[in-house]
Amino acid sequence: AVRQNGRIVIENRSLDQFFELNPASGVLTPLATHTASTVSGIAVDSADRLFAIDSTTDDLAIYDPNTGVKTPLGPVGTGLFFSGLAFDSADNLFTITRGNLLTNVDPNTGAGTIVGTMGVSVFDGLAFDGSDTLYSSYRVGAVSDLITVDPLTGVELSRVAISGISTNILALEFGPAASPVPEPTSLVLLLTGAFGVSRLRRNRKLPLAAKRTRR
């Protein structure tokens with residue numbers, strides 16, 4: 001999740017801890033641990049509040065990544081196994097539930113409303129770009145495709161294979177361009193599950209950060 005300062009907050013499931021990644025330098029700074037046994041997706045709203053779903057309780061909550069303090073908001077659903085969490089520019093919040101259902105989440109109460117099905121395969125990461133185009137990572141065996149999704153229906157609009165990376169991409173995030181030179185920005189895919197970095201370039205898109213988690 002990208003904060004207002006351009007730094008990327010990620011969560012390590014093995015350590016139950018937040019980290020802050022500087023996308024320009026690649027420096028990773030440890031932040032606080034948290035009490036959720038499994039965090040499924042994290043997202044930051046326009047007020048720089050960090051939201052996440054605790055898969056143990058199925059609750060949406062606000063977390064302070066610097067202290068680990070959790071403020072529960074309410075249940076999104078029961079036993080749905082959530083993947084990905086993303087705000088659009090108007091602070092509308094979305095996640096993907098079991099059965100690949102795109103779901104709109106009330107950021108005040110946590111209540112989830114199903115938008116539509118995304119298909120029968122496995123979808124994981126979820127992110128909006130600067131023009132409110134919704135992206136998701138689509139798992140195909142040991143690799144992933146990048147797709148765009150209609151946020152009003154959940155229908156797939158386009159698809160491109162992620163080449164050169166043989167791993168599942170389990171989280172996506174758009175962030176600011178790292179280059180100080182004014183030029184068309186590129187799509188940058190950061191794999192941070194093992195705190196390594198890879199890049200995938202596409203024309204005239206904002207950088208995209210993706211978290212890889214071992215299963």
# chains A, B, ... in the order shown; residues from 1 in each chain; ligands from 1
$ residues_around --residues "Asp88 of chain A" --least-positions-apart "2" --cutoff "6 Å" --atoms "only C-alpha atoms" --output "list in words"
Ala90, Asp91, Asn92, Phe128 and Asp132 of chain A
$ select_by_dssp --residues "segment 53-106 of chain A" --states "strand (DSSP E or B)" --output "PyMOL selection string"
chain A and resi 53-54+59-63+70-75+83-87+93-97+101-105
$ closest_residue --among "A:Thr148, A:Phe18, A:Asp59, A:Gly6" --to "Phe174 of chain A" --atoms "only C-alpha atoms"
A:Gly6
$ atom_distance --atom1 "atom CA of Ile62 of chain A" --atom2 "atom CA of Arg49 of chain A"
6.8 Å
$ decode --residues "segment 2-35 of chain A" --atoms "N, CA, C and O atoms" --output "short mmCIF file (atom, residue, chain, number, x, y, z; two decimals), in the first residue's frame"
data_model
loop_
_atom_site.label_atom_id
_atom_site.label_comp_id
_atom_site.auth_asym_id
_atom_site.auth_seq_id
_atom_site.Cartn_x
_atom_site.Cartn_y
_atom_site.Cartn_z
N VAL A 2 0.59 2.20 -0.87
CA VAL A 2 1.42 3.40 -0.99
C VAL A 2 0.86 4.51 -0.09
O VAL A 2 -0.30 4.88 -0.20
N ARG A 3 1.71 5.03 0.77
CA ARG A 3 1.32 6.12 1.66
C ARG A 3 1.45 7.46 0.93
O ARG A 3 1.99 7.54 -0.18
N GLN A 4 0.97 8.51 1.57
CA GLN A 4 0.98 9.83 0.95
C GLN A 4 2.41 10.34 0.70
O GLN A 4 2.62 11.17 -0.18
N ASN A 5 3.39 9.82 1.45
CA ASN A 5 4.78 10.24 1.24
C ASN A 5 5.47 9.46 0.13
O ASN A 5 6.67 9.64 -0.12
N GLY A 6 4.72 8.56 -0.55
CA GLY A 6 5.28 7.79 -1.64
C GLY A 6 5.95 6.51 -1.21
O GLY A 6 6.35 5.71 -2.06
N ARG A 7 6.10 6.28 0.09
CA ARG A 7 6.68 5.04 0.59
C ARG A 7 5.64 3.92 0.54
O ARG A 7 4.45 4.16 0.69
N ILE A 8 6.10 2.70 0.34
CA ILE A 8 5.21 1.55 0.21
C ILE A 8 5.22 0.74 1.51
O ILE A 8 6.29 0.31 1.97
N VAL A 9 4.05 0.56 2.11
CA VAL A 9 3.94 -0.27 3.30
C VAL A 9 3.60 -1.69 2.86
O VAL A 9 2.66 -1.90 2.09
N ILE A 10 4.37 -2.66 3.33
CA ILE A 10 4.11 -4.06 3.04
C ILE A 10 3.99 -4.81 4.36
O ILE A 10 4.36 -4.29 5.42
N GLU A 11 3.46 -6.03 4.28
CA GLU A 11 3.28 -6.83 5.50
C GLU A 11 3.88 -8.20 5.28
O GLU A 11 3.65 -8.84 4.25
N ASN A 12 4.69 -8.65 6.22
CA ASN A 12 5.31 -9.97 6.16
C ASN A 12 4.50 -10.93 7.01
O ASN A 12 4.40 -10.79 8.23
N ARG A 13 3.88 -11.93 6.35
CA ARG A 13 3.00 -12.85 7.06
C ARG A 13 3.75 -13.73 8.04
O ARG A 13 3.19 -14.14 9.07
N SER A 14 4.99 -14.06 7.74
CA SER A 14 5.77 -14.92 8.62
C SER A 14 6.09 -14.22 9.93
O SER A 14 6.13 -14.85 10.99
N LEU A 15 6.33 -12.92 9.86
CA LEU A 15 6.72 -12.15 11.04
C LEU A 15 5.56 -11.39 11.67
O LEU A 15 5.71 -10.85 12.78
N ASP A 16 4.39 -11.34 10.97
CA ASP A 16 3.28 -10.50 11.44
C ASP A 16 3.76 -9.08 11.70
O ASP A 16 3.51 -8.49 12.75
N GLN A 17 4.45 -8.54 10.71
CA GLN A 17 5.08 -7.23 10.89
C GLN A 17 4.94 -6.39 9.62
O GLN A 17 4.97 -6.91 8.51
N PHE A 18 4.78 -5.07 9.82
CA PHE A 18 4.77 -4.12 8.71
C PHE A 18 6.19 -3.64 8.43
O PHE A 18 7.02 -3.52 9.34
N PHE A 19 6.43 -3.36 7.15
CA PHE A 19 7.70 -2.78 6.72
C PHE A 19 7.39 -1.61 5.78
O PHE A 19 6.34 -1.57 5.16
N GLU A 20 8.33 -0.68 5.69
CA GLU A 20 8.18 0.44 4.76
C GLU A 20 9.30 0.37 3.73
O GLU A 20 10.49 0.31 4.09
N LEU A 21 8.91 0.37 2.46
CA LEU A 21 9.86 0.27 1.36
C LEU A 21 9.99 1.62 0.66
O LEU A 21 8.98 2.22 0.28
N ASN A 22 11.21 2.09 0.51
CA ASN A 22 11.48 3.29 -0.27
C ASN A 22 11.66 2.85 -1.73
O ASN A 22 12.64 2.19 -2.06
N PRO A 23 10.70 3.18 -2.63
CA PRO A 23 10.78 2.68 -4.01
C PRO A 23 11.93 3.27 -4.79
O PRO A 23 12.35 2.69 -5.80
N ALA A 24 12.48 4.39 -4.35
CA ALA A 24 13.58 5.02 -5.06
C ALA A 24 14.91 4.34 -4.75
O ALA A 24 15.74 4.12 -5.63
N SER A 25 15.11 3.99 -3.47
CA SER A 25 16.39 3.42 -3.05
C SER A 25 16.34 1.92 -2.82
O SER A 25 17.38 1.25 -2.78
N GLY A 26 15.12 1.38 -2.64
CA GLY A 26 14.99 -0.04 -2.33
C GLY A 26 15.22 -0.36 -0.86
O GLY A 26 15.18 -1.53 -0.47
N VAL A 27 15.44 0.66 -0.03
CA VAL A 27 15.68 0.45 1.40
C VAL A 27 14.39 0.03 2.09
O VAL A 27 13.34 0.65 1.92
N LEU A 28 14.47 -1.03 2.88
CA LEU A 28 13.33 -1.58 3.60
C LEU A 28 13.50 -1.30 5.09
O LEU A 28 14.51 -1.69 5.68
N THR A 29 12.53 -0.63 5.69
CA THR A 29 12.62 -0.26 7.11
C THR A 29 11.58 -1.02 7.91
O THR A 29 10.38 -0.94 7.62
N PRO A 30 11.98 -1.76 8.95
CA PRO A 30 11.02 -2.47 9.78
C PRO A 30 10.14 -1.49 10.56
O PRO A 30 10.62 -0.49 11.08
N LEU A 31 8.83 -1.80 10.61
CA LEU A 31 7.90 -1.02 11.42
C LEU A 31 7.39 -1.93 12.53
O LEU A 31 8.11 -2.78 13.02
N ALA A 32 6.14 -1.75 12.94
CA ALA A 32 5.62 -2.48 14.10
C ALA A 32 5.10 -3.86 13.72
O ALA A 32 4.75 -4.13 12.57
N THR A 33 5.04 -4.75 14.71
CA THR A 33 4.33 -6.01 14.56
C THR A 33 2.85 -5.77 14.85
O THR A 33 2.47 -4.75 15.41
N HIS A 34 2.00 -6.73 14.45
CA HIS A 34 0.57 -6.58 14.68
C HIS A 34 0.01 -7.87 15.27
O HIS A 34 0.72 -8.89 15.34
N THR A 35 -1.26 -7.84 15.68
CA THR A 35 -1.85 -8.99 16.37
C THR A 35 -2.69 -9.88 15.46
O THR A 35 -3.13 -10.94 15.89
#
